[in-house]
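Below is model10.cif, which holds mmCIF, C-alpha atoms.
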```cif
data_target
#
loop_
_atom_site.label_atom_id
_atom_site.label_comp_id
_atom_site.auth_asym_id
_atom_site.auth_seq_id
_atom_site.Cartn_x
_atom_site.Cartn_y
_atom_site.Cartn_z
CA MET A 1 84.40 93.49 104.14
CA ILE A 2 87.16 91.14 103.08
CA THR A 3 88.40 88.70 105.69
CA LYS A 4 91.98 88.66 106.91
CA ARG A 5 92.48 85.30 105.23
CA ASN A 6 91.51 86.73 101.85
CA ARG A 7 93.59 89.85 102.34
CA MET A 8 96.68 87.86 103.16
CA GLY A 9 96.14 85.13 100.54
CA ASP A 10 97.85 84.67 97.19
CA ARG A 11 97.86 87.60 94.79
CA SER A 12 94.79 86.80 92.69
CA TYR A 13 94.66 89.41 89.95
CA THR A 14 97.14 87.45 87.81
CA LEU A 15 96.51 88.68 84.30
CA LYS A 16 96.80 85.24 82.76
CA ARG A 17 93.63 84.22 84.60
CA VAL A 18 91.75 87.19 83.16
CA LEU A 19 93.18 86.65 79.67
CA ALA A 20 92.33 82.95 79.72
CA ALA A 21 88.70 83.74 80.51
CA CYS A 22 88.66 86.29 77.73
CA ALA A 23 90.10 83.77 75.28
CA LEU A 24 87.42 81.28 76.26
CA ALA A 25 84.72 83.80 75.38
CA LEU A 26 86.23 84.26 71.92
CA ALA A 27 85.22 80.73 71.03
CA GLY A 28 81.95 82.19 69.78
CA ALA A 29 83.29 85.26 67.99
CA LEU A 30 86.15 85.77 65.55
CA ALA A 31 86.12 89.57 65.77
CA LEU A 32 85.91 91.13 69.21
CA GLY A 33 87.28 94.42 70.48
CA GLY A 34 89.35 94.95 73.58
CA CYS A 35 87.78 92.39 75.89
CA VAL A 36 89.60 93.17 79.13
CA LYS A 37 89.72 96.28 81.32
CA PHE A 38 92.35 96.27 84.08
CA ASP A 39 92.74 99.64 85.78
CA MET A 40 94.63 100.14 89.04
CA ASN A 41 94.69 103.67 90.46
CA VAL A 42 96.11 103.98 93.97
CA SER A 43 97.76 106.60 96.16
CA VAL A 44 100.46 106.07 98.77
CA ASN A 45 99.67 107.97 101.98
CA ARG A 46 102.26 109.53 104.28
CA ASP A 47 101.48 106.96 107.00
CA ASP A 48 102.68 104.14 104.70
CA THR A 49 99.20 103.01 103.69
CA VAL A 50 97.58 102.73 100.27
CA SER A 51 94.16 103.95 99.14
CA GLY A 52 92.53 103.62 95.73
CA THR A 53 90.78 101.22 93.39
CA LEU A 54 91.36 98.33 91.03
CA VAL A 55 88.85 97.63 88.27
CA VAL A 56 88.85 94.21 86.60
CA ALA A 57 86.14 93.93 83.98
CA PHE A 58 85.17 92.23 80.71
CA ASP A 59 83.48 93.58 77.63
CA LYS A 60 79.77 92.80 78.02
CA ALA A 61 79.90 90.78 74.80
CA VAL A 62 82.47 88.56 76.48
CA LEU A 63 80.29 88.14 79.58
CA ASP A 64 77.36 87.16 77.39
CA ARG A 65 79.41 84.22 76.18
CA LEU A 66 80.91 83.34 79.57
CA GLY A 67 77.72 83.78 81.59
CA SER A 68 76.50 86.86 83.45
CA ASP A 69 77.51 85.48 86.86
CA VAL A 70 81.19 85.23 86.01
CA ASP A 71 83.59 86.86 88.47
CA PRO A 72 86.76 87.99 86.61
CA LEU A 73 88.92 86.79 89.49
CA GLY A 74 87.01 83.67 90.41
CA GLY A 75 85.69 85.02 93.71
CA ALA A 76 89.12 85.71 95.24
CA PRO A 77 89.84 89.44 95.77
CA PRO A 78 93.34 90.89 95.49
CA GLN A 79 95.50 91.06 98.59
CA GLY A 80 94.83 94.03 100.85
CA VAL A 81 91.37 94.85 99.47
CA THR A 82 88.96 96.30 102.05
CA SER A 83 85.74 96.23 100.00
CA GLN A 84 84.39 95.53 96.54
CA LYS A 85 81.36 96.34 94.41
CA ALA A 86 79.97 95.68 90.95
CA TYR A 87 81.41 97.77 88.11
CA ASP A 88 79.54 98.72 84.93
CA ASP A 89 80.48 101.62 82.66
CA GLY A 90 78.14 100.64 79.85
CA THR A 91 80.81 98.78 77.88
CA PHE A 92 82.70 96.84 80.52
CA GLU A 93 81.24 94.93 83.43
CA GLY A 94 83.09 93.38 86.34
CA VAL A 95 84.28 94.27 89.85
CA GLU A 96 85.77 97.39 91.42
CA TYR A 97 88.01 96.59 94.38
CA THR A 98 88.82 99.28 96.96
CA PHE A 99 91.93 99.76 99.07
CA GLU A 100 91.26 102.08 102.02
CA ASN A 101 94.25 102.93 104.20
CA THR A 102 95.66 99.47 103.57
CA PRO A 103 99.12 99.07 105.17
CA LEU A 104 101.90 98.48 102.66
CA SER A 105 102.64 95.16 104.37
CA GLN A 106 99.15 93.95 103.40
CA PHE A 107 99.08 95.56 99.96
CA ASN A 108 102.42 94.10 98.89
CA ASP A 109 102.61 90.66 97.37
CA SER A 110 104.05 88.25 99.91
CA ASP A 111 105.86 86.27 97.20
CA PRO A 112 107.15 88.34 94.25
CA ASN A 113 108.37 85.14 92.56
CA ALA A 114 104.85 83.71 92.27
CA GLY A 115 103.95 85.67 89.12
CA ASP A 116 102.43 89.10 88.55
CA TYR A 117 103.03 91.41 91.50
CA ILE A 118 103.44 94.98 92.67
CA ARG A 119 105.31 96.09 95.79
CA ILE A 120 105.83 99.50 97.40
CA GLU A 121 108.46 99.61 100.12
CA ARG A 122 110.40 102.15 102.17
CA ASP A 123 114.10 102.67 101.52
CA GLY A 124 115.13 105.26 104.08
CA GLN A 125 112.95 108.29 103.38
CA ASN A 126 112.04 107.22 99.84
CA TYR A 127 109.34 104.94 98.47
CA VAL A 128 110.48 102.24 96.05
CA LEU A 129 107.97 100.60 93.71
CA SER A 130 108.68 97.39 91.83
CA GLY A 131 106.37 95.14 89.89
CA VAL A 132 105.87 92.69 87.05
CA PHE A 133 102.79 92.13 84.92
CA ASP A 134 103.40 89.36 82.40
CA THR A 135 100.75 89.54 79.67
CA ASN A 136 102.17 86.75 77.51
CA TYR A 137 99.32 84.40 76.69
CA GLN A 138 99.51 81.53 74.26
CA PRO A 139 96.21 80.28 72.80
CA PRO A 140 95.73 76.59 73.58
CA GLY A 141 95.22 75.55 69.94
CA ASP A 142 97.51 74.98 66.98
CA GLY A 143 97.19 78.14 64.92
CA SER A 144 93.54 77.75 63.91
CA PRO A 145 91.39 80.76 62.90
CA LEU A 146 90.16 80.89 66.51
CA ASP A 147 93.72 81.14 67.82
CA GLN A 148 94.42 83.90 65.32
CA ALA A 149 91.31 85.76 66.50
CA ILE A 150 92.45 85.51 70.12
CA GLU A 151 95.90 86.84 69.27
CA ALA A 152 94.36 89.69 67.26
CA SER A 153 92.00 90.80 70.06
CA MET A 154 94.42 90.67 72.97
CA PRO A 155 96.47 93.76 71.97
CA ARG A 156 93.30 95.84 72.29
CA ALA A 157 92.92 95.05 75.97
CA ASP A 158 92.95 98.15 78.19
CA MET A 159 95.40 97.59 81.03
CA ARG A 160 96.74 100.45 83.11
CA VAL A 161 98.47 100.94 86.47
CA ALA A 162 98.78 104.38 88.10
CA VAL A 163 100.36 105.17 91.49
CA SER A 164 100.54 108.55 93.25
CA PHE A 165 103.13 109.34 95.92
CA PRO A 166 103.26 111.99 98.67
CA GLY A 167 106.52 113.37 97.27
CA THR A 168 108.11 113.97 93.89
CA ILE A 169 109.09 110.99 91.76
CA VAL A 170 112.87 110.75 91.50
CA SER A 171 113.10 108.06 88.82
CA SER A 172 110.72 105.76 86.95
CA ASN A 173 110.29 103.77 83.75
CA GLY A 174 106.65 104.89 83.51
CA GLU A 175 104.95 108.13 82.44
CA VAL A 176 105.19 110.82 85.13
CA SER A 177 102.40 113.38 85.51
CA GLY A 178 102.86 117.13 85.28
CA ASN A 179 102.99 117.59 89.07
CA GLY A 180 105.72 114.94 89.29
CA LYS A 181 103.89 112.84 91.90
CA THR A 182 101.95 110.29 89.82
CA VAL A 183 103.41 107.63 87.55
CA SER A 184 101.41 105.42 85.20
CA TRP A 185 102.06 102.48 82.95
CA GLN A 186 99.98 101.35 79.96
CA LEU A 187 100.63 97.62 80.02
CA ALA A 188 101.69 96.17 76.67
CA MET A 189 100.14 92.89 75.62
CA GLY A 190 102.33 89.88 74.92
CA GLU A 191 105.19 91.25 77.00
CA ARG A 192 106.70 91.06 80.44
CA ASN A 193 105.92 94.53 81.80
CA GLU A 194 108.34 95.62 84.51
CA LEU A 195 107.40 98.56 86.74
CA ASP A 196 110.00 100.64 88.57
CA ALA A 197 109.73 103.94 90.43
CA VAL A 198 111.41 105.82 93.29
CA ALA A 199 109.68 108.75 95.00
CA GLY A 200 110.41 111.05 97.88
CA PRO A 201 108.39 111.11 101.10
CA GLY A 202 106.85 114.54 100.55
CA GLY A 203 106.54 117.32 103.11
CA ASN A 204 104.95 117.18 106.55
CA PRO A 205 101.88 119.48 106.50
CA GLU A 206 101.55 119.46 110.31
CA LEU A 207 105.18 120.52 110.73
CA ALA A 208 104.76 123.19 108.05
CA LEU A 209 101.71 124.55 109.90
CA TRP A 210 103.64 124.75 113.15
CA VAL A 211 106.50 126.54 111.42
CA LEU A 212 103.99 129.04 110.00
CA TRP A 213 102.43 129.71 113.40
CA ILE A 214 105.84 130.13 115.04
CA SER A 215 106.91 132.52 112.29
CA LEU A 216 103.74 134.59 112.70
CA ALA A 217 104.24 134.69 116.46
CA ALA A 218 107.81 135.89 115.99
CA VAL A 219 106.62 138.66 113.66
CA VAL A 220 104.01 139.75 116.22
CA VAL A 221 106.65 139.88 118.98
CA VAL A 222 109.00 141.94 116.83
CA LEU A 223 106.21 144.38 115.92
CA ALA A 224 105.24 144.68 119.60
CA LEU A 225 108.85 145.52 120.55
CA ILE A 226 109.04 148.16 117.82
CA VAL A 227 105.79 149.76 118.97
CA PHE A 228 106.97 149.66 122.58
CA GLN A 229 110.24 151.40 121.69
CA LEU A 230 108.43 154.05 119.66
CA MET A 231 106.09 154.75 122.57
CA ARG A 232 109.06 155.12 124.99
CA VAL A 233 110.73 157.61 122.64
CA SER A 234 107.47 159.55 122.31
CA LEU A 235 106.99 159.78 126.08
CA ARG A 236 110.53 161.06 126.63
CA ARG A 237 109.83 163.98 124.31
#
```

Output the file's structure as structure tokens, nothing else.
Amino acid sequence: MITKRNRMGDRSYTLKRVLAACALALAGALALGGCVKFDMNVSVNRDDTVSGTLVVAFDKAVLDRLGSDVDPLGGAPPQGVTSQKAYDDGTFEGVEYTFENTPLSQFNDSDPNAGDYIRIERDGQNYVLSGVFDTNYQPPGDGSPLDQAIEASMPRADMRVAVSFPGTIVSSNGEVSGNGKTVSWQLAMGERNELDAVAGPGGNPELALWVLWISLAAVVVVLALIVFQLMRVSLRR
């Protein structure tokens, strides 16, 4: 379990840190595929909490050059994380962080001006998402073959952010799913990626259930009155 201090610390999944580690690994290879996997998939719950996962992982070839005990985020989990475990899909190896009913106040970056961030806030009944993921990374050299190799490999990094909302998405600069409740962004390398979305609050299932029961009860009462009237007419005959 992550301590409160860690959960409320600085946002630590800054992409530049991950990209810098990836670039370091390229010192031993001039041709390497997409070396980074960054995959955030979270859902906003109706009680203003967030649940989901964030995977930060390196290509195993990269880890072989960096050392098998390398933590992609240097031992500091992202803000609001409730647990973490090792991740290995056969190609990428790293850490899977879990958010479980994390309040928005803990999930949100406390300082959006510090760098990469994502925030989900309430604006009346709607949810408003804003975020920035700056993937600009300049190799430290002076245009050598190594620098060229780093620049060539970075565009193949796999970086994705997906957020699901209780209600329908009203507007967004990302790709909206068929059901209209999930928006995703494929982060472009070498760019300042800005994330924007507005979504409705969704329905209240408990209220809908009560409305259903009340409606059924009303139907039963009406049917009972009809039967009662029919019986009175029958008796009079």

Excluding region 190-193 of chain A and any residue of its chain fewer than 6 positions from it, enumerate the residues within 6 Å of it, using all atoms listed in the file, and give them as a ChimeraX atom specification.
/A:132-136

Would you mind exporting C-alpha atoms of the selected residues as a compact mmCIF listing (two decimals), in the coordinates of the input?
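Output saved as selection31.txt:
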```
# COMPACT_ATOMS: atom_id res chain seq x y z
CA VAL A 132 105.87 92.69 87.05
CA PHE A 133 102.79 92.13 84.92
CA ASP A 134 103.40 89.36 82.40
CA THR A 135 100.75 89.54 79.67
CA ASN A 136 102.17 86.75 77.51
```

Of the candidates A:Pro201, A:Gly174, A:Gly52, A:Pro77, which one gets nearest to Tyr127 (chain A) if we count all atoms listed in the file?
A:Pro201

Specify as a PyMOL selection string each residue included when the PyMOL selection byres ((chain A and resi 96) around 12) is applied to this file.
chain A and resi 37-41+52-58+71-73+77-78+81-89+92-95+97-99

Gap from CA of Gly90 (chain A) to CA of Asp59 (chain A) - Å, one decimal
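Atom-to-atom, CA of Gly90 (chain A) to CA of Asp59 (chain A), that is 9.1 Å.
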
Which residues match the PyMOL selection byres ((chain A and resi 102) around 10) in the file above, as a ChimeraX atom specification?
/A:7,44-45,48-52,79-82,98-101,103-108

Report, in Å to a single decimal, how far apart CA of Asp123 (chain A) and CA of Val176 (chain A) are.
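That distance, rounded to one decimal, is 20.4 Å.
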
Out of A:Val36, A:Val183, A:Ala61, A:Ala199, which residue has the shortest atom-to-atom distance to Pro166 (chain A) when counting all atoms listed in the file?
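Of the candidates, the smallest distance to Pro166 (chain A) is held by A:Ala199.
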
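CA of Gly180 (chain A) lies 19.9 Å from CA of Asp47 (chain A).
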
Looking at A:Asp64, A:Ser43, A:Ile118, A:Asp109, which one is nearest to Glu194 (chain A), with distances taken over only C-alpha atoms?
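Closest to Glu194 (chain A), using only C-alpha atoms: A:Ile118.
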
Quick check on the file I pasted: which residues fall under the PyMOL selection byres ((chain A and resi 181) around 7)? Write them as a VMD selection string.
chain A and resid 164 to 169 177 179 to 180 182 to 183

For Asn173 (chain A), which of A:Ala157, A:Leu195, A:Met189, A:Val128 is the closest residue, counting all atoms listed in the file?
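Nearest candidate to Asn173 (chain A) out of A:Ala157, A:Leu195, A:Met189, A:Val128: A:Leu195.
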